[in-house]
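Structure below is start18.txt: compact mmCIF, C-alpha atoms.
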# COMPACT_ATOMS: atom_id res chain seq x y z
CA MET A 1 -84.86 -132.36 58.28
CA ASN A 2 -84.38 -129.78 61.02
CA ALA A 3 -80.68 -129.52 60.13
CA MET A 4 -81.58 -128.84 56.48
CA GLN A 5 -84.13 -126.20 57.45
CA SER A 6 -81.60 -124.56 59.74
CA ARG A 7 -79.02 -124.58 56.94
CA ILE A 8 -81.46 -123.03 54.48
CA ARG A 9 -82.47 -120.33 56.97
CA SER A 10 -78.83 -119.58 57.69
CA ALA A 11 -78.01 -119.33 53.99
CA LEU A 12 -81.02 -117.12 53.29
CA LEU A 13 -80.04 -114.87 56.19
CA ALA A 14 -76.53 -114.59 54.75
CA ALA A 15 -78.03 -113.75 51.36
CA GLY A 16 -80.18 -111.00 52.87
CA ARG A 17 -77.19 -109.59 54.71
CA GLY A 18 -75.16 -109.73 51.51
CA LEU A 19 -77.87 -107.70 49.77
CA VAL A 20 -77.76 -105.09 52.56
CA LEU A 21 -73.96 -104.88 52.31
CA SER A 22 -74.05 -104.54 48.53
CA ILE A 23 -76.45 -101.59 48.78
CA ALA A 24 -74.35 -100.01 51.54
CA GLY A 25 -71.18 -100.58 49.52
CA LEU A 26 -72.48 -99.17 46.26
CA ALA A 27 -74.46 -96.24 47.65
CA GLY A 28 -72.87 -95.40 51.01
CA SER A 29 -69.22 -96.05 50.20
CA MET A 30 -69.38 -94.40 46.79
CA ALA A 31 -71.13 -91.28 48.12
CA LEU A 32 -68.72 -90.94 51.07
CA PHE A 33 -65.66 -91.43 48.86
CA ILE A 34 -66.77 -88.68 46.47
CA LEU A 35 -67.59 -86.33 49.33
CA ALA A 36 -64.25 -87.04 51.02
CA VAL A 37 -62.24 -86.39 47.85
CA LEU A 38 -64.10 -83.15 47.15
CA SER A 39 -63.81 -81.99 50.75
CA ILE A 40 -60.04 -82.62 50.87
CA ALA A 41 -59.65 -80.90 47.49
CA PHE A 42 -61.41 -77.80 48.86
CA ILE A 43 -59.05 -77.47 51.85
CA PRO A 44 -56.80 -74.92 50.05
CA LEU A 45 -59.92 -72.80 49.45
CA GLY A 46 -60.79 -72.85 53.15
CA LEU A 47 -64.15 -74.56 52.76
CA GLY A 48 -62.60 -77.99 53.26
CA LEU A 49 -61.39 -77.04 56.73
CA PHE A 50 -65.01 -76.98 57.85
CA THR A 51 -66.34 -79.93 55.84
CA THR A 52 -63.43 -82.39 56.07
CA PRO A 53 -63.81 -83.27 59.79
CA LEU A 54 -67.53 -83.86 59.26
CA VAL A 55 -67.05 -85.98 56.15
CA LEU A 56 -64.16 -87.99 57.58
CA GLY A 57 -66.15 -88.45 60.78
CA ALA A 58 -68.98 -89.90 58.66
CA VAL A 59 -66.44 -92.17 56.91
CA ARG A 60 -65.22 -93.42 60.28
CA GLY A 61 -68.78 -94.03 61.40
CA HIS A 62 -69.44 -95.98 58.19
CA ALA A 63 -66.27 -98.05 58.73
CA ASN A 64 -67.09 -98.65 62.40
CA GLN A 65 -70.56 -99.84 61.45
CA ARG A 66 -68.94 -102.35 59.09
CA ARG A 67 -66.61 -103.43 61.91
CA LEU A 68 -69.63 -104.02 64.13
CA LEU A 69 -71.40 -106.04 61.42
CA ALA A 70 -68.24 -108.04 60.78
CA ALA A 71 -68.07 -109.03 64.44
CA THR A 72 -71.78 -109.77 64.89
CA TRP A 73 -72.52 -111.41 61.52
CA SER A 74 -69.32 -113.37 60.76
CA ASP A 75 -67.19 -113.14 63.93
CA VAL A 76 -64.49 -111.27 62.00
CA ARG A 77 -62.68 -108.84 64.30
CA ILE A 78 -61.43 -105.62 62.70
CA PRO A 79 -59.44 -103.35 65.06
CA VAL A 80 -60.31 -99.68 65.52
CA PRO A 81 -56.90 -97.98 65.19
CA TYR A 82 -57.90 -94.28 65.12
CA ARG A 83 -55.64 -91.92 67.00
CA PRO A 84 -57.54 -90.13 69.78
CA PHE A 85 -57.90 -86.36 69.68
CA PRO A 86 -56.01 -84.49 72.42
CA LYS A 87 -58.13 -83.42 75.36
CA ASP A 88 -57.04 -79.79 75.01
CA LEU A 89 -58.24 -79.44 71.40
CA ARG A 90 -59.31 -75.84 70.88
CA GLY A 91 -62.61 -74.63 69.47
CA GLY A 92 -63.44 -72.24 66.64
CA PHE A 93 -61.54 -71.97 63.37
CA THR A 94 -58.21 -72.89 65.00
CA GLY A 95 -59.77 -76.05 66.38
CA GLN A 96 -61.14 -76.95 62.94
CA VAL A 97 -57.67 -76.58 61.42
CA GLU A 98 -56.15 -78.76 64.17
CA ARG A 99 -58.88 -81.37 63.86
CA THR A 100 -58.49 -81.52 60.07
CA THR A 101 -54.71 -81.80 60.37
CA LEU A 102 -54.89 -84.57 62.97
CA MET A 103 -57.36 -86.60 60.90
CA LEU A 104 -55.31 -86.25 57.72
CA LYS A 105 -52.13 -87.26 59.55
CA ASP A 106 -53.79 -90.40 60.93
CA PRO A 107 -52.85 -93.42 58.75
CA ALA A 108 -56.22 -94.97 59.58
CA THR A 109 -57.94 -92.16 57.63
CA TRP A 110 -56.21 -93.12 54.41
CA ARG A 111 -56.91 -96.80 55.02
CA ASP A 112 -60.59 -95.87 55.38
CA LEU A 113 -60.52 -94.07 52.02
CA ARG A 114 -58.83 -97.03 50.34
CA TRP A 115 -61.42 -99.30 51.90
CA LEU A 116 -64.24 -97.21 50.40
CA LEU A 117 -62.79 -97.91 46.96
CA VAL A 118 -62.47 -101.63 47.72
CA ASP A 119 -65.92 -101.78 49.29
CA MET A 120 -67.64 -100.32 46.22
CA THR A 121 -65.80 -102.75 43.90
CA ALA A 122 -64.52 -106.07 45.24
CA GLY A 123 -66.62 -105.89 48.40
CA TYR A 124 -69.72 -105.12 46.36
CA CYS A 125 -69.12 -108.02 43.97
CA VAL A 126 -68.63 -110.54 46.77
CA SER A 127 -71.70 -109.40 48.72
CA VAL A 128 -73.85 -109.35 45.57
CA LEU A 129 -72.72 -112.86 44.73
CA ALA A 130 -73.62 -114.04 48.24
CA SER A 131 -77.20 -112.86 47.70
CA ALA A 132 -77.56 -113.51 43.95
CA LEU A 133 -76.86 -117.25 44.20
CA LEU A 134 -79.99 -117.65 46.36
CA LEU A 135 -82.16 -114.96 44.79
CA TYR A 136 -81.42 -115.53 41.09
CA PRO A 137 -82.95 -119.06 41.10
CA VAL A 138 -86.36 -117.49 41.76
CA GLU A 139 -86.27 -116.07 38.22
CA GLY A 140 -85.67 -119.53 36.76
CA PHE A 141 -88.62 -120.96 38.69
CA VAL A 142 -90.89 -118.13 37.56
CA LEU A 143 -89.86 -118.66 33.93
CA ALA A 144 -90.68 -122.38 34.23
CA ALA A 145 -94.05 -121.49 35.77
CA GLY A 146 -95.07 -119.79 32.52
CA LEU A 147 -93.40 -116.39 32.37
CA TRP A 148 -91.35 -117.60 29.37
CA ARG A 149 -94.44 -117.09 27.15
CA VAL A 150 -94.05 -113.33 27.55
CA PHE A 151 -90.74 -113.52 25.69
CA THR A 152 -91.80 -115.59 22.67
CA ASP A 153 -91.12 -112.71 20.26
CA ASP A 154 -87.70 -112.01 21.71
CA ARG A 155 -85.48 -114.75 23.08
CA TYR A 156 -84.76 -114.35 26.82
CA TRP A 157 -81.53 -115.54 28.37
CA TYR A 158 -81.38 -117.03 31.83
CA ALA A 159 -77.67 -117.16 32.55
CA PHE A 160 -76.42 -119.10 29.50
CA VAL A 161 -79.77 -120.82 28.75
CA PRO A 162 -81.88 -119.29 25.93
CA VAL A 163 -85.51 -119.51 27.07
CA ASP A 164 -88.06 -119.75 24.25
CA SER A 165 -90.11 -122.83 25.13
CA GLN A 166 -91.40 -124.81 28.07
CA ALA A 167 -88.48 -127.23 27.74
CA THR A 168 -85.88 -124.48 27.88
CA ALA A 169 -87.81 -122.85 30.76
CA LEU A 170 -87.57 -126.13 32.67
CA ALA A 171 -83.85 -126.17 31.87
CA ALA A 172 -83.63 -122.68 33.36
CA ALA A 173 -85.42 -123.90 36.49
CA ALA A 174 -82.98 -126.84 36.74
CA LEU A 175 -80.09 -124.42 36.45
CA GLY A 176 -81.76 -122.32 39.14
CA VAL A 177 -81.76 -125.37 41.43
CA VAL A 178 -78.03 -125.76 40.80
CA PHE A 179 -77.48 -122.09 41.65
CA PHE A 180 -79.56 -122.50 44.80
CA LEU A 181 -77.60 -125.55 45.97
CA ILE A 182 -74.33 -123.72 45.34
CA GLY A 183 -75.69 -120.73 47.22
CA LEU A 184 -76.51 -122.90 50.24
CA LYS A 185 -72.87 -123.89 50.44
CA VAL A 186 -71.10 -120.63 49.66
CA SER A 187 -73.38 -117.77 50.83
CA LYS A 188 -72.02 -117.73 54.39
CA PRO A 189 -68.36 -118.14 53.30
CA LEU A 190 -68.86 -115.33 50.76
CA LEU A 191 -70.34 -113.10 53.44
CA ARG A 192 -67.34 -113.82 55.63
CA LEU A 193 -65.02 -113.19 52.66
CA HIS A 194 -66.57 -109.73 52.31
CA PHE A 195 -65.55 -108.89 55.88
CA VAL A 196 -62.13 -110.50 55.49
CA ILE A 197 -61.51 -108.23 52.48
CA ALA A 198 -62.57 -105.25 54.59
CA ARG A 199 -60.23 -106.33 57.38
CA SER A 200 -57.31 -106.67 54.97
CA VAL A 201 -57.70 -102.99 54.07
CA LEU A 202 -58.93 -101.44 57.32
CA ALA A 203 -56.61 -103.26 59.71
CA PRO A 204 -53.17 -101.70 60.23
CA THR A 205 -49.99 -103.47 59.16
CA GLN A 206 -48.01 -105.39 61.74
CA GLU A 207 -45.55 -102.50 62.17
CA GLN A 208 -48.37 -99.95 62.47
CA GLU A 209 -50.22 -102.17 64.92
CA LEU A 210 -47.08 -102.60 67.01
CA ALA A 211 -46.50 -98.82 67.09
CA ARG A 212 -50.15 -98.25 67.96
CA ARG A 213 -50.01 -100.77 70.78
CA ILE A 214 -46.85 -99.18 72.18
CA ASP A 215 -48.55 -95.78 72.17
CA ARG A 216 -51.67 -97.30 73.66
CA LEU A 217 -49.76 -99.14 76.39
CA THR A 218 -47.82 -95.97 77.24
CA GLU A 219 -51.07 -94.05 77.52
CA THR A 220 -52.83 -96.72 79.57
CA ARG A 221 -49.81 -97.06 81.86
CA HIS A 222 -50.08 -93.40 82.77
CA GLU A 223 -53.84 -93.78 83.20
CA ALA A 224 -53.36 -96.87 85.37
CA VAL A 225 -50.90 -94.99 87.59
CA ASP A 226 -53.32 -92.07 87.89
CA THR A 227 -56.22 -94.41 88.59
CA ALA A 228 -54.25 -96.30 91.24
CA ALA A 229 -53.24 -93.04 92.92
CA SER A 230 -56.82 -91.83 92.86
CA GLU A 231 -58.03 -95.14 94.30
CA LEU A 232 -55.48 -94.97 97.09
CA ARG A 233 -56.62 -91.44 97.95
CA ARG A 234 -60.22 -92.65 98.00
CA ILE A 235 -59.36 -95.53 100.32
CA GLU A 236 -57.40 -93.21 102.62
CA ARG A 237 -60.29 -90.74 102.69
CA ASP A 238 -62.86 -93.45 103.39
CA LEU A 239 -60.71 -94.90 106.18
CA HIS A 240 -60.06 -91.48 107.69
CA ASP A 241 -63.66 -90.28 107.54
CA GLY A 242 -65.29 -93.59 108.37
CA ALA A 243 -63.77 -96.56 110.17
CA GLN A 244 -60.80 -94.65 111.60
CA ALA A 245 -62.99 -91.95 113.12
CA ARG A 246 -65.27 -94.57 114.66
CA LEU A 247 -62.32 -96.53 116.08
CA VAL A 248 -60.86 -93.35 117.59
CA ALA A 249 -64.23 -92.50 119.15
CA MET A 250 -64.52 -96.05 120.46
CA GLY A 251 -61.05 -95.76 122.05
CA MET A 252 -62.05 -92.52 123.76
CA ASN A 253 -65.23 -94.15 125.03
CA LEU A 254 -63.25 -97.07 126.42
CA GLY A 255 -60.96 -94.63 128.22
CA THR A 256 -63.96 -92.89 129.75
CA ILE A 257 -65.43 -96.26 130.74
CA GLU A 258 -62.27 -97.09 132.67
CA THR A 259 -62.77 -94.01 134.85
CA LEU A 260 -66.54 -94.51 135.26
CA ILE A 261 -66.78 -98.26 135.74
CA GLU A 262 -66.56 -97.92 139.57
CA LYS A 263 -68.00 -94.42 140.07
CA ASP A 264 -70.98 -94.63 137.69
CA PRO A 265 -71.65 -98.20 136.43
CA ALA A 266 -74.88 -97.15 134.69
CA GLN A 267 -73.09 -94.51 132.61
CA ALA A 268 -70.29 -96.99 131.91
CA LYS A 269 -72.83 -99.50 130.54
CA GLN A 270 -74.27 -96.86 128.19
CA LEU A 271 -70.81 -96.04 126.93
CA LEU A 272 -70.09 -99.75 126.45
CA ALA A 273 -73.23 -100.06 124.34
CA MET A 274 -72.10 -97.08 122.27
CA ALA A 275 -68.65 -98.60 121.84
CA ARG A 276 -70.19 -101.92 120.73
CA ALA A 277 -72.37 -100.08 118.16
CA SER A 278 -69.36 -98.09 116.92
CA SER A 279 -67.32 -101.29 116.50
CA ALA A 280 -70.15 -102.90 114.50
CA GLU A 281 -70.46 -99.83 112.26
CA ALA A 282 -66.70 -99.66 111.78
CA LEU A 283 -66.64 -103.36 110.82
CA THR A 284 -69.47 -102.79 108.32
CA GLU A 285 -67.65 -99.84 106.76
CA LEU A 286 -64.43 -101.85 106.50
CA ARG A 287 -66.30 -104.69 104.82
CA ASP A 288 -67.89 -102.25 102.35
CA LEU A 289 -64.49 -100.75 101.66
CA VAL A 290 -62.94 -104.16 101.02
CA ARG A 291 -65.90 -105.10 98.83
CA GLY A 292 -65.27 -101.98 96.75
CA ILE A 293 -61.62 -102.96 96.31
CA HIS A 294 -62.27 -106.63 95.47
CA PRO A 295 -65.71 -108.15 96.11
CA PRO A 296 -65.51 -111.39 98.13
CA VAL A 297 -67.96 -113.14 95.78
CA LEU A 298 -65.60 -112.36 92.89
CA ALA A 299 -62.62 -113.86 94.71
CA GLU A 300 -64.54 -116.91 95.91
CA ARG A 301 -66.86 -117.78 93.01
CA GLY A 302 -65.51 -116.04 89.93
CA LEU A 303 -66.68 -113.47 87.42
CA GLY A 304 -69.91 -115.17 86.34
CA ASP A 305 -71.42 -115.53 89.80
CA ALA A 306 -70.17 -112.07 90.81
CA VAL A 307 -71.97 -110.47 87.86
CA LYS A 308 -75.11 -112.49 88.62
CA ALA A 309 -75.02 -111.22 92.20
CA LEU A 310 -74.53 -107.71 90.85
CA ALA A 311 -77.55 -108.08 88.55
CA LEU A 312 -79.76 -109.13 91.47
CA ARG A 313 -79.11 -105.78 93.17
CA LEU A 314 -80.18 -103.72 90.14
CA PRO A 315 -83.51 -101.85 90.24
CA ILE A 316 -84.48 -103.30 86.82
CA ALA A 317 -84.73 -106.87 85.55
CA ALA A 318 -81.50 -108.34 84.20
CA GLU A 319 -80.63 -111.66 82.58
CA VAL A 320 -77.06 -112.97 82.77
CA GLU A 321 -75.69 -115.76 80.56
CA VAL A 322 -72.22 -117.09 81.35
CA GLU A 323 -70.15 -119.58 79.33
CA LEU A 324 -66.73 -119.81 80.95
CA ALA A 325 -64.71 -123.01 81.12
CA GLY A 326 -62.43 -121.65 83.84
CA ARG A 327 -61.28 -118.46 85.52
CA ALA A 328 -59.17 -115.60 84.25
CA GLU A 329 -56.38 -114.01 86.25
CA ALA A 330 -57.55 -111.99 89.25
CA PRO A 331 -56.64 -108.55 87.78
CA VAL A 332 -58.54 -109.35 84.57
CA GLU A 333 -61.56 -110.60 86.50
CA SER A 334 -61.52 -107.47 88.65
CA ALA A 335 -61.29 -105.15 85.63
CA ALA A 336 -64.08 -107.01 83.84
CA TYR A 337 -66.28 -107.01 86.96
CA PHE A 338 -65.99 -103.29 87.60
CA ALA A 339 -66.42 -102.53 83.88
CA VAL A 340 -69.68 -104.52 83.86
CA SER A 341 -70.72 -102.93 87.16
CA GLU A 342 -70.26 -99.40 85.82
CA THR A 343 -71.98 -100.27 82.54
CA LEU A 344 -74.99 -101.70 84.37
CA THR A 345 -75.12 -98.70 86.70
CA ASN A 346 -75.05 -96.29 83.75
CA ALA A 347 -77.77 -98.25 81.99
CA ALA A 348 -79.98 -98.32 85.09
CA LYS A 349 -79.55 -94.58 85.67
CA HIS A 350 -79.61 -93.08 82.19
CA SER A 351 -80.99 -95.47 79.58
CA GLY A 352 -84.66 -95.52 80.62
CA ALA A 353 -84.61 -99.30 80.05
CA ASP A 354 -86.75 -101.81 81.90
CA ARG A 355 -84.65 -104.84 80.97
CA LEU A 356 -80.97 -105.69 80.65
CA TRP A 357 -79.10 -108.63 79.16
CA VAL A 358 -75.51 -109.60 79.97
CA ASP A 359 -73.61 -112.23 78.01
CA ILE A 360 -70.16 -113.41 79.14
CA HIS A 361 -68.16 -116.00 77.22
CA HIS A 362 -64.57 -116.87 76.29
CA THR A 363 -63.47 -117.79 72.77
CA ASP A 364 -60.20 -117.55 70.84
CA SER A 365 -58.22 -116.43 73.91
CA MET A 366 -60.60 -113.49 74.35
CA LEU A 367 -63.00 -112.73 77.19
CA ARG A 368 -66.06 -111.19 75.51
CA ILE A 369 -68.79 -109.39 77.43
CA SER A 370 -71.86 -107.71 76.00
CA VAL A 371 -74.37 -105.62 77.95
CA THR A 372 -77.61 -104.81 76.14
CA ASP A 373 -80.57 -102.73 77.25
CA ASN A 374 -83.90 -101.85 75.64
CA GLY A 375 -83.67 -98.17 76.54
CA LYS A 376 -83.78 -94.96 74.53
CA GLY A 377 -80.25 -95.23 73.09
CA GLY A 378 -77.94 -92.34 72.33
CA ALA A 379 -75.01 -93.54 74.48
CA THR A 380 -71.59 -92.39 73.25
CA ILE A 381 -67.97 -92.66 74.30
CA GLY A 382 -66.76 -89.15 74.95
CA PRO A 383 -64.64 -87.10 77.34
CA GLY A 384 -66.10 -87.16 80.81
CA SER A 385 -68.56 -89.98 80.12
CA GLY A 386 -68.71 -93.12 82.20
CA LEU A 387 -68.08 -95.21 79.10
CA SER A 388 -64.75 -93.48 78.45
CA GLY A 389 -63.67 -94.45 81.98
CA ILE A 390 -64.59 -98.06 81.26
CA GLU A 391 -62.61 -97.93 78.02
CA ARG A 392 -59.55 -96.67 79.90
CA ARG A 393 -59.93 -99.43 82.50
CA LEU A 394 -60.02 -102.10 79.79
CA GLY A 395 -57.16 -100.46 77.91
CA THR A 396 -54.87 -101.22 80.82
CA PHE A 397 -55.21 -104.90 79.83
CA ASP A 398 -55.09 -104.20 76.08
CA GLY A 399 -58.86 -104.61 76.00
CA ILE A 400 -61.29 -102.75 73.75
CA MET A 401 -64.88 -101.58 73.93
CA ALA A 402 -67.46 -100.86 71.21
CA VAL A 403 -70.81 -99.14 71.65
CA SER A 404 -73.84 -99.43 69.37
CA SER A 405 -76.57 -97.09 70.56
CA PRO A 406 -78.82 -95.65 67.83
CA ALA A 407 -81.48 -93.13 68.79
CA GLY A 408 -84.46 -95.03 70.14
CA GLY A 409 -82.28 -97.96 71.21
CA PRO A 410 -81.36 -100.64 71.86
CA THR A 411 -77.90 -100.03 73.29
CA MET A 412 -75.22 -102.72 73.16
CA VAL A 413 -71.85 -102.28 74.88
CA THR A 414 -69.33 -104.93 73.82
CA MET A 415 -66.09 -105.42 75.75
CA GLU A 416 -63.16 -107.70 74.90
CA ILE A 417 -60.11 -108.51 77.02
CA PRO A 418 -57.38 -110.87 75.76
CA CYS A 419 -56.73 -113.53 78.39
CA GLU A 420 -56.49 -117.25 79.05
CA LEU A 421 -58.66 -119.24 81.44
CA SER A 422 -57.21 -121.59 84.03
Please go through the file and, once you have read it, give me the structure as structure tokens.
Amino acid sequence: MNAMQSRIRSALLAAGRGLVLSIAGLAGSMALFILAVLSIAFIPLGLGLFTTPLVLGAVRGHANQRRLLAATWSDVRIPVPYRPFPKDLRGGFTGQVERTTLMLKDPATWRDLRWLLVDMTAGYCVSVLASALLLYPVEGFVLAAGLWRVFTDDRYWYAFVPVDSQATALAAAALGVVFFLIGLKVSKPLLRLHFVIARSVLAPTQEQELARRIDRLTETRHEAVDTAASELRRIERDLHDGAQARLVAMGMNLGTIETLIEKDPAQAKQLLAMARASSAEALTELRDLVRGIHPPVLAERGLGDAVKALALRLPIAAEVEVELAGRAEAPVESAAYFAVSETLTNAAKHSGADRLWVDIHHTDSMLRISVTDNGKGGATIGPGSGLSGIERRLGTFDGIMAVSSPAGGPTMVTMEIPCELS
């Protein structure tokens, strides 16, 4: 009984989601396609140079929202293959021309426009069918309950059943039951089919994906080199300003103690105490430095326990759920740990949230991590933001990050890193 109720709820949820997608496909995709075509057509007149980046940006947002729904509703992963804008993009009219040119040269832009056409046609039909098979039976039941009497002067058709009497109304209700039973079986597969159709259009071809990955790996290689160099400079600076200075001072104190140990034992004892304190402080600083490079709890107990320990040190309440059947390679664990650490730090500082949720699991050769907070929202990935740094860190391992943060919250940061567990 509980299994049947769960199946019905799941099918009804899929039907409701199909209805949402059908409205978004017919209204949103159609409106954006018309606006995009008109905006591109007005480029020779100059007006399109100002409107095209805005319209195509809205198209990308619409497509990214569908990608997010595909992942959360049907576990269908659609890559985000947009070419990034250069960091030195100029402002003003010249910048608008450059931005328009870059977006029109991006193959992903034209795939988005083709997807709008598919979404308002085939995508709409599939999503409507997913909802109609569970909603249309209601009409048959209402007809059997007595509504058929309203149509005595004009025969009413329910599907292929002409309803003009109580008997035919009961036949319509029976047909509605058949539709409902079919809907229970196919609503979720139809919802998934909608996203699979979207993926077939939005996802790049194998050659395009290979070229994109080569460009991405080249970019992340340079970023990894820069990051490693910056990290080495930080370690050198911390050693020079911290532990090294204390060890040098301790050595000088020990030299002074050698000269005072017979002449002034009391002064020598004070200097010994200072040397002992300096050694303890230097040891603490070295431990903190090593912890910043690779936390001992991460090396000893793995990513799950390391993130749980991290959550305990946060100033706000955090819940951590971990489902890992083994451990990833040390570099992947380290990248994931520091990505989660920076995400949690950003959320604690800027989100205004009073609660955080972290979910870590591994499926389909992919380490998936989501960090959710109940804050004010508005988080974006942009130049100079902490999230862009996390994205670069994950990109070194061919990982990706997606952010959903509407105004008013909640904010969900989803990270994925391809890897195998041992």
Expressed in Å to a single decimal, how great is the separation between CA of Ala317 in chain A and CA of Arg355 in chain A?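 Spanning CA of Ala317 in chain A to CA of Arg355 in chain A is a straight-line distance of 5.0 Å.
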So which residues touch Ile34 in chain A within 12 Å, counting all atoms listed in the file, skipping near sequence neighbours fewer than 2 positions away, as a count of residues only? 21
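Distance-wise, CA of Met252 in chain A and CA of Ala266 in chain A end up 17.5 Å apart.
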At what distance in Å, to one decimal, does CA of Arg90 in chain A lie from CA of Asp112 in chain A?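 The value is 25.4 Å.
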Up to 8 Å from (-78.7, -105.0, 74.5) in the file's coordinates: name the residues, counting only C-alpha atoms, as a list in words.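 The requested residues, written out, are Leu356, Trp357, Val358, Ser370, Val371, Thr372, Asp373, Asn374, Pro410, Thr411, Met412 and Val413 of chain A.
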Residue with the minimum atom-to-atom distance to Ile23 in chain A, picked from A:Phe179, A:Tyr124, A:Phe195, A:Tyr158 with all atoms listed in the file counted, is A:Tyr124
Long-range neighbours of Pro331 in chain A as a PyMOL selection string, 12 Å cut-off, all atoms listed in the file, 3 positions minimum in chain: chain A and resi 293-294+298-299+302-303+327-328+334-338+393-394+396-397+417+419
Output of the above residues as an mmCIF file, in the frame of the given file, restricted to C-alpha atoms:
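Produced file selection35.cif, reproduced below:
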data_model
loop_
_atom_site.group_PDB
_atom_site.id
_atom_site.type_symbol
_atom_site.label_atom_id
_atom_site.label_comp_id
_atom_site.auth_asym_id
_atom_site.auth_seq_id
_atom_site.Cartn_x
_atom_site.Cartn_y
_atom_site.Cartn_z
ATOM 1 C CA ILE A 293 -61.620 -102.960 96.310
ATOM 2 C CA HIS A 294 -62.270 -106.630 95.470
ATOM 3 C CA LEU A 298 -65.600 -112.360 92.890
ATOM 4 C CA ALA A 299 -62.620 -113.860 94.710
ATOM 5 C CA GLY A 302 -65.510 -116.040 89.930
ATOM 6 C CA LEU A 303 -66.680 -113.470 87.420
ATOM 7 C CA ARG A 327 -61.280 -118.460 85.520
ATOM 8 C CA ALA A 328 -59.170 -115.600 84.250
ATOM 9 C CA SER A 334 -61.520 -107.470 88.650
ATOM 10 C CA ALA A 335 -61.290 -105.150 85.630
ATOM 11 C CA ALA A 336 -64.080 -107.010 83.840
ATOM 12 C CA TYR A 337 -66.280 -107.010 86.960
ATOM 13 C CA PHE A 338 -65.990 -103.290 87.600
ATOM 14 C CA ARG A 393 -59.930 -99.430 82.500
ATOM 15 C CA LEU A 394 -60.020 -102.100 79.790
ATOM 16 C CA THR A 396 -54.870 -101.220 80.820
ATOM 17 C CA PHE A 397 -55.210 -104.900 79.830
ATOM 18 C CA ILE A 417 -60.110 -108.510 77.020
ATOM 19 C CA CYS A 419 -56.730 -113.530 78.390
#
Write out as a PyMOL selection string the residues lying within 8 Å of range 360-365 of chain A, counting only C-alpha atoms and excluding same-chain residues fewer than 6 positions away. chain A and resi 304+320-325+418-420
Considering all atoms listed in the file, return as a ChimeraX atom specification whatever protein or nucleic-acid residues lie within 12 Å of Gln65 in chain A, sequence-local ones (same chain, fewer than 6 positions apart) excluded. /A:21,24-25,28-29,58-59,71-73,78,80,195,198,402-406
For the residues selected in the previous step, produce a file with C-alpha atoms as an mmCIF file, in the coordinates of the input.
data_model
loop_
_atom_site.group_PDB
_atom_site.id
_atom_site.type_symbol
_atom_site.label_atom_id
_atom_site.label_comp_id
_atom_site.auth_asym_id
_atom_site.auth_seq_id
_atom_site.Cartn_x
_atom_site.Cartn_y
_atom_site.Cartn_z
ATOM 1 C CA LEU A 21 -73.960 -104.880 52.310
ATOM 2 C CA ALA A 24 -74.350 -100.010 51.540
ATOM 3 C CA GLY A 25 -71.180 -100.580 49.520
ATOM 4 C CA GLY A 28 -72.870 -95.400 51.010
ATOM 5 C CA SER A 29 -69.220 -96.050 50.200
ATOM 6 C CA ALA A 58 -68.980 -89.900 58.660
ATOM 7 C CA VAL A 59 -66.440 -92.170 56.910
ATOM 8 C CA ALA A 71 -68.070 -109.030 64.440
ATOM 9 C CA THR A 72 -71.780 -109.770 64.890
ATOM 10 C CA TRP A 73 -72.520 -111.410 61.520
ATOM 11 C CA ILE A 78 -61.430 -105.620 62.700
ATOM 12 C CA VAL A 80 -60.310 -99.680 65.520
ATOM 13 C CA PHE A 195 -65.550 -108.890 55.880
ATOM 14 C CA ALA A 198 -62.570 -105.250 54.590
ATOM 15 C CA ALA A 402 -67.460 -100.860 71.210
ATOM 16 C CA VAL A 403 -70.810 -99.140 71.650
ATOM 17 C CA SER A 404 -73.840 -99.430 69.370
ATOM 18 C CA SER A 405 -76.570 -97.090 70.560
ATOM 19 C CA PRO A 406 -78.820 -95.650 67.830
#
Considering all atoms listed in the file, can you say which of A:Leu310, A:Ser74, A:Pro162, A:Leu271 comes closest to Arg17 in chain A?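 So, comparing all the options, the nearest one is A:Ser74.
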Put the listed atoms of range 69-75 of chain A in a box along x, y and z with 5 Å added on every side and give me the centre and edge lengths in Å to one decimal, as lines of an AutoDock Vina configuration file.
center_x = -69.9
center_y = -109.7
center_z = 62.8
size_x = 15.3
size_y = 17.3
size_z = 14.1
Name the closest residue to Gly57 in chain A among the candidates A:Leu35, A:Val76, A:Met366, A:Leu143; distances are taken between atoms, counting only C-alpha atoms.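 Among A:Leu35, A:Val76, A:Met366, A:Leu143, it is A:Leu35 that comes nearest to Gly57 in chain A.
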Show me, as a PyMOL selection string, the residues that have an atom within 10 Å of Leu314 in chain A when counting all atoms listed in the file, minus same-chain residues fewer than 4 positions from it. chain A and resi 309-310+318+341+344-345+348+356
Go ahead and write the selection's residues with C-alpha atoms as a PDB file, in the frame of the given file.
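The resulting again_15.pdb:
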ATOM      1  CA  ALA A 309     -75.020-111.220  92.200  1.00  0.00           C
ATOM      2  CA  LEU A 310     -74.530-107.710  90.850  1.00  0.00           C
ATOM      3  CA  ALA A 318     -81.500-108.340  84.200  1.00  0.00           C
ATOM      4  CA  SER A 341     -70.720-102.930  87.160  1.00  0.00           C
ATOM      5  CA  LEU A 344     -74.990-101.700  84.370  1.00  0.00           C
ATOM      6  CA  THR A 345     -75.120 -98.700  86.700  1.00  0.00           C
ATOM      7  CA  ALA A 348     -79.980 -98.320  85.090  1.00  0.00           C
ATOM      8  CA  LEU A 356     -80.970-105.690  80.650  1.00  0.00           C
TER       9      LEU A 356
END
Determine the nearest neighbour of Leu184 in chain A from the options A:Gly61, A:Pro84, A:Pro137, A:Pro265, counting only C-alpha atoms.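 So, comparing all the options, the nearest one is A:Pro137.
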